[in-house]
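Undergrad: Once you've had a glance at the structure underneath, I'll fire off some questions.
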Amino acid sequence: MYDESKRFAESATHSYITTHNLNGSIARIFNTYGPNMQIDDGRVVTNFIYQALKGKEITIYGDGKQTRSFCFVDDLIGAMLLIMNTDDDFTGPMNIGNPDEFTIQEIAEKIVKLTNSSSQIVFKPLPEDDPKQRKPDISIAKEKISWEPKIDLIEGLKQTINYFEKIL
């Protein structure tokens, strides 16, 4: 359902751009994280940071071997600014994300270590529709806007953890 709604929105946007002869581009945003996120937004990074900082169990759904890639917010904003300045004839879509992949368990372990938490990692049943892998192909972004992410996961997590430590 989620994937289909995104495809529909892209089709509707593309149709509107071409019908009304507008300048517009479509960006597909992949797993962005960073300071100023809502602590209760339900995303894996915020969930794990909150649980680690509060000394709660870190909840992983499934065996933790499913992979994700995470793009730091500053990298995303830089890409969006570049996309807004692409040629008028390019509408996309263009994937924006970090292609570096990590297992969910690796993310949890990194967050526990970076927060110096005593939290234990626990595993719960995987939801039926949970994807095994999420990794953006950013080749169009490299080609069209000469973009790729600059902030690695550890640096981004440190900045995000610092933010959450302050608000908690």
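Lettering and numbering for the structure tokens are positional, with chains as A, B, ... in the shown order, residues counted from 1 in each chain, and ligands counted from 1 in the shown order.
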Tell me, which residues of segment 51-132 of chain A carry DSSP helix (DSSP H, G or I), written as a VMD selection string?

TA: chain A and resid 51 to 53 73 to 83 104 to 115

Undergrad: Just give me the gap between atom CA of Ala52 of chain A and atom CA of Leu76 of chain A in Å, one decimal is fine.

TA: 25.5 Å

Undergrad: With a cut-off of 10 Å, could you pull out the residues of segment 28-58 of chain A touching segment 132-153 of chain A and give me the nearest pair of atoms for each, distance in Å to one decimal, using only C-alpha atoms, ordered by chain and ascending number, as JSON lines?

TA:
{"residue": "A:Arg28", "atom": "CA", "partner": "A:Pro136", "partner_atom": "CA", "distance": 8.8}
{"residue": "A:Ile29", "atom": "CA", "partner": "A:Pro136", "partner_atom": "CA", "distance": 8.8}
{"residue": "A:Phe30", "atom": "CA", "partner": "A:Pro136", "partner_atom": "CA", "distance": 6.8}
{"residue": "A:Asn31", "atom": "CA", "partner": "A:Arg134", "partner_atom": "CA", "distance": 8.7}
{"residue": "A:Tyr33", "atom": "CA", "partner": "A:Leu153", "partner_atom": "CA", "distance": 9.9}

Undergrad: Return the single residue from A:Ser119, A:Asn162, A:Thr103, A:Asn23 that is closest to Gln66 of chain A, with distances computed using only C-alpha atoms.

TA: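 The shortest atom-to-atom distance to Gln66 of chain A comes from A:Thr103.
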
Undergrad: Of the candidates A:Ile107, A:Leu82, A:Met37, A:Ile154, which shows the shortest atom-to-atom distance to Ile167 of chain A, using only C-alpha atoms?

TA: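 Among the listed residues, the smallest separation from Ile167 of chain A belongs to A:Met37.
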
Undergrad: Which residue gives the smallest distance to Pro125 of chain A among A:Asp89, A:Asp63, A:Glu57, A:Asp41, with only C-alpha atoms counted?

TA: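 Of all the options, A:Asp63 lies closest to Pro125 of chain A.
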
Undergrad: Just list the residues in segment 4-145 of chain A DSSP gives strand (DSSP E or B) on the backbone, as a ChimeraX atom specification.

TA: /A:27-29,32-33,58-61,67-69,71-72,94-96,101-103,121-124,133

Undergrad: Please produce a file of the residues just selected, as a compact mmCIF listing (two decimals), in the first residue's frame, where the atoms kept are N, CA, C and O atoms.

TA:
# COMPACT_ATOMS: atom_id res chain seq x y z
N ALA A 27 11.70 13.80 -6.13
CA ALA A 27 12.78 13.17 -5.36
C ALA A 27 12.17 12.05 -4.52
O ALA A 27 11.12 12.21 -3.92
N ARG A 28 12.83 10.91 -4.51
CA ARG A 28 12.45 9.81 -3.63
C ARG A 28 13.41 9.83 -2.45
O ARG A 28 14.59 9.57 -2.60
N ILE A 29 12.86 10.11 -1.29
CA ILE A 29 13.68 10.27 -0.09
C ILE A 29 13.73 8.94 0.67
O ILE A 29 12.70 8.34 0.95
N THR A 32 15.68 9.25 6.13
CA THR A 32 16.44 10.40 6.61
C THR A 32 16.37 10.47 8.13
O THR A 32 15.34 10.14 8.72
N TYR A 33 17.44 10.89 8.74
CA TYR A 33 17.49 11.03 10.20
C TYR A 33 18.37 12.21 10.55
O TYR A 33 19.14 12.70 9.72
N ILE A 58 16.03 -2.45 23.68
CA ILE A 58 16.04 -2.05 22.28
C ILE A 58 15.25 -3.11 21.52
O ILE A 58 15.65 -4.27 21.49
N THR A 59 14.16 -2.71 20.91
CA THR A 59 13.26 -3.66 20.26
C THR A 59 13.56 -3.78 18.77
O THR A 59 13.44 -2.81 18.03
N ILE A 60 13.95 -4.97 18.36
CA ILE A 60 14.17 -5.27 16.95
C ILE A 60 13.07 -6.23 16.52
O ILE A 60 12.84 -7.26 17.17
N TYR A 61 12.43 -5.90 15.42
CA TYR A 61 11.40 -6.78 14.87
C TYR A 61 12.04 -7.67 13.82
O TYR A 61 12.67 -7.19 12.89
N THR A 67 18.20 -5.17 6.12
CA THR A 67 19.12 -4.04 5.99
C THR A 67 18.36 -2.75 5.65
O THR A 67 17.29 -2.77 5.07
N ARG A 68 19.00 -1.65 6.04
CA ARG A 68 18.50 -0.32 5.75
C ARG A 68 19.70 0.59 5.48
O ARG A 68 20.83 0.28 5.86
N SER A 69 19.44 1.68 4.82
CA SER A 69 20.45 2.71 4.65
C SER A 69 19.85 4.00 5.18
O SER A 69 18.64 4.21 5.10
N CYS A 71 20.20 8.29 5.57
CA CYS A 71 20.77 9.53 5.03
C CYS A 71 20.62 10.64 6.05
O CYS A 71 19.51 10.94 6.52
N PHE A 72 21.73 11.26 6.41
CA PHE A 72 21.70 12.35 7.37
C PHE A 72 21.00 13.56 6.76
O PHE A 72 21.14 13.86 5.58
N MET A 94 14.26 10.91 -8.80
CA MET A 94 15.65 10.77 -8.42
C MET A 94 15.70 10.29 -6.98
O MET A 94 15.10 10.90 -6.10
N ASN A 95 16.39 9.19 -6.75
CA ASN A 95 16.55 8.66 -5.39
C ASN A 95 17.55 9.50 -4.61
O ASN A 95 18.65 9.77 -5.10
N ILE A 96 17.17 9.88 -3.40
CA ILE A 96 18.06 10.61 -2.50
C ILE A 96 18.16 9.81 -1.20
O ILE A 96 17.18 9.62 -0.49
N GLU A 101 24.70 0.32 3.43
CA GLU A 101 23.71 -0.54 4.07
C GLU A 101 24.21 -1.10 5.39
O GLU A 101 25.38 -1.47 5.52
N PHE A 102 23.29 -1.19 6.35
CA PHE A 102 23.59 -1.77 7.66
C PHE A 102 22.40 -2.64 8.05
O PHE A 102 21.26 -2.33 7.73
N THR A 103 22.69 -3.70 8.82
CA THR A 103 21.57 -4.47 9.34
C THR A 103 20.94 -3.69 10.48
O THR A 103 21.58 -2.84 11.11
N ILE A 121 19.26 -5.77 23.76
CA ILE A 121 18.54 -5.89 22.50
C ILE A 121 17.62 -7.10 22.59
O ILE A 121 18.05 -8.19 22.99
N VAL A 122 16.34 -6.89 22.27
CA VAL A 122 15.36 -7.98 22.27
C VAL A 122 14.75 -8.08 20.87
O VAL A 122 14.64 -7.10 20.15
N PHE A 123 14.36 -9.29 20.53
CA PHE A 123 13.80 -9.55 19.20
C PHE A 123 12.33 -9.93 19.33
O PHE A 123 11.96 -10.72 20.19
N LYS A 124 11.52 -9.34 18.46
CA LYS A 124 10.08 -9.62 18.42
C LYS A 124 9.71 -10.04 17.01
O LYS A 124 10.48 -9.81 16.07
N GLN A 133 15.15 -5.40 2.63
CA GLN A 133 16.24 -4.50 2.25
C GLN A 133 15.66 -3.17 1.78
O GLN A 133 14.63 -3.13 1.11

Undergrad: Extract, using only C-alpha atoms, all DNA, RNA and protein residues at most 9 Å from Ser25 of chain A, discarding same-chain residues fewer than 3 positions from it, and format them as a ChimeraX atom specification.

TA: /A:13-14,17,83-84,86,88,90-94

Undergrad: With N, CA, C and O atoms retained, write the just-selected residues as an mmCIF file, in the first residue's frame.

TA:
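What follows is the written file selection-v8.cif:
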data_model
loop_
_atom_site.group_PDB
_atom_site.id
_atom_site.type_symbol
_atom_site.label_atom_id
_atom_site.label_comp_id
_atom_site.auth_asym_id
_atom_site.auth_seq_id
_atom_site.Cartn_x
_atom_site.Cartn_y
_atom_site.Cartn_z
ATOM 1 N N THR A 13 2.108 13.921 -9.766
ATOM 2 C CA THR A 13 3.006 15.084 -9.804
ATOM 3 C C THR A 13 3.575 15.266 -11.204
ATOM 4 O O THR A 13 3.586 16.385 -11.747
ATOM 5 N N HIS A 14 4.047 14.183 -11.799
ATOM 6 C CA HIS A 14 4.607 14.264 -13.149
ATOM 7 C C HIS A 14 3.552 14.757 -14.134
ATOM 8 O O HIS A 14 3.821 15.627 -14.985
ATOM 9 N N ILE A 17 3.002 18.503 -13.649
ATOM 10 C CA ILE A 17 4.142 19.268 -14.168
ATOM 11 C C ILE A 17 4.058 19.376 -15.686
ATOM 12 O O ILE A 17 4.204 20.466 -16.254
ATOM 13 N N ILE A 83 18.576 19.609 -6.599
ATOM 14 C CA ILE A 83 17.471 19.163 -7.461
ATOM 15 C C ILE A 83 16.636 20.352 -7.925
ATOM 16 O O ILE A 83 16.207 20.411 -9.077
ATOM 17 N N MET A 84 16.412 21.285 -7.037
ATOM 18 C CA MET A 84 15.596 22.452 -7.406
ATOM 19 C C MET A 84 16.262 23.292 -8.493
ATOM 20 O O MET A 84 15.602 24.100 -9.140
ATOM 21 N N THR A 86 17.962 21.870 -11.140
ATOM 22 C CA THR A 86 18.260 21.045 -12.319
ATOM 23 C C THR A 86 17.623 21.668 -13.556
ATOM 24 O O THR A 86 16.794 22.573 -13.459
ATOM 25 N N ASP A 88 15.214 22.362 -16.622
ATOM 26 C CA ASP A 88 13.753 22.351 -16.666
ATOM 27 C C ASP A 88 13.182 21.052 -17.221
ATOM 28 O O ASP A 88 12.077 20.668 -16.879
ATOM 29 N N PHE A 90 14.173 17.964 -16.758
ATOM 30 C CA PHE A 90 14.333 16.775 -15.907
ATOM 31 C C PHE A 90 13.317 16.806 -14.771
ATOM 32 O O PHE A 90 13.341 17.697 -13.928
ATOM 33 N N THR A 91 12.419 15.813 -14.762
ATOM 34 C CA THR A 91 11.426 15.745 -13.678
ATOM 35 C C THR A 91 11.719 14.625 -12.697
ATOM 36 O O THR A 91 11.167 14.601 -11.616
ATOM 37 N N GLY A 92 12.554 13.691 -13.063
ATOM 38 C CA GLY A 92 12.860 12.583 -12.162
ATOM 39 C C GLY A 92 11.992 11.386 -12.466
ATOM 40 O O GLY A 92 11.447 11.275 -13.548
ATOM 41 N N PRO A 93 11.848 10.519 -11.512
ATOM 42 C CA PRO A 93 12.275 10.633 -10.114
ATOM 43 C C PRO A 93 13.771 10.391 -9.929
ATOM 44 O O PRO A 93 14.422 9.773 -10.747
ATOM 45 N N MET A 94 14.256 10.906 -8.800
ATOM 46 C CA MET A 94 15.653 10.773 -8.423
ATOM 47 C C MET A 94 15.705 10.292 -6.978
ATOM 48 O O MET A 94 15.104 10.898 -6.095
#

Undergrad: For atom CA of Asn36 of chain A and atom CA of Tyr163 of chain A, quote the distance in Å rounded to one decimal.

TA: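 Atom-to-atom, atom CA of Asn36 of chain A and atom CA of Tyr163 of chain A are spaced 7.2 Å apart.
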
Undergrad: Using only C-alpha atoms for the distances, tell me which of A:Gly62, A:Lys110, A:Ile26, A:Phe70 is nearest to Glu128 of chain A.

TA: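 Looking at the shortest contact to Glu128 of chain A, the residue is A:Gly62.
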
Undergrad: Of the candidates A:Asp87, A:Ala9, A:Leu53, A:Thr19, which one gets nearest to Ser117 of chain A if we count only C-alpha atoms?

TA: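 Using only C-alpha atoms, Ser117 of chain A sits closest to A:Leu53.
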
Undergrad: Could you please determine the separation between atom CA of Phe164 of chain A and atom CA of Pro35 of chain A in Å, to one decimal place?

TA: 7.5 Å
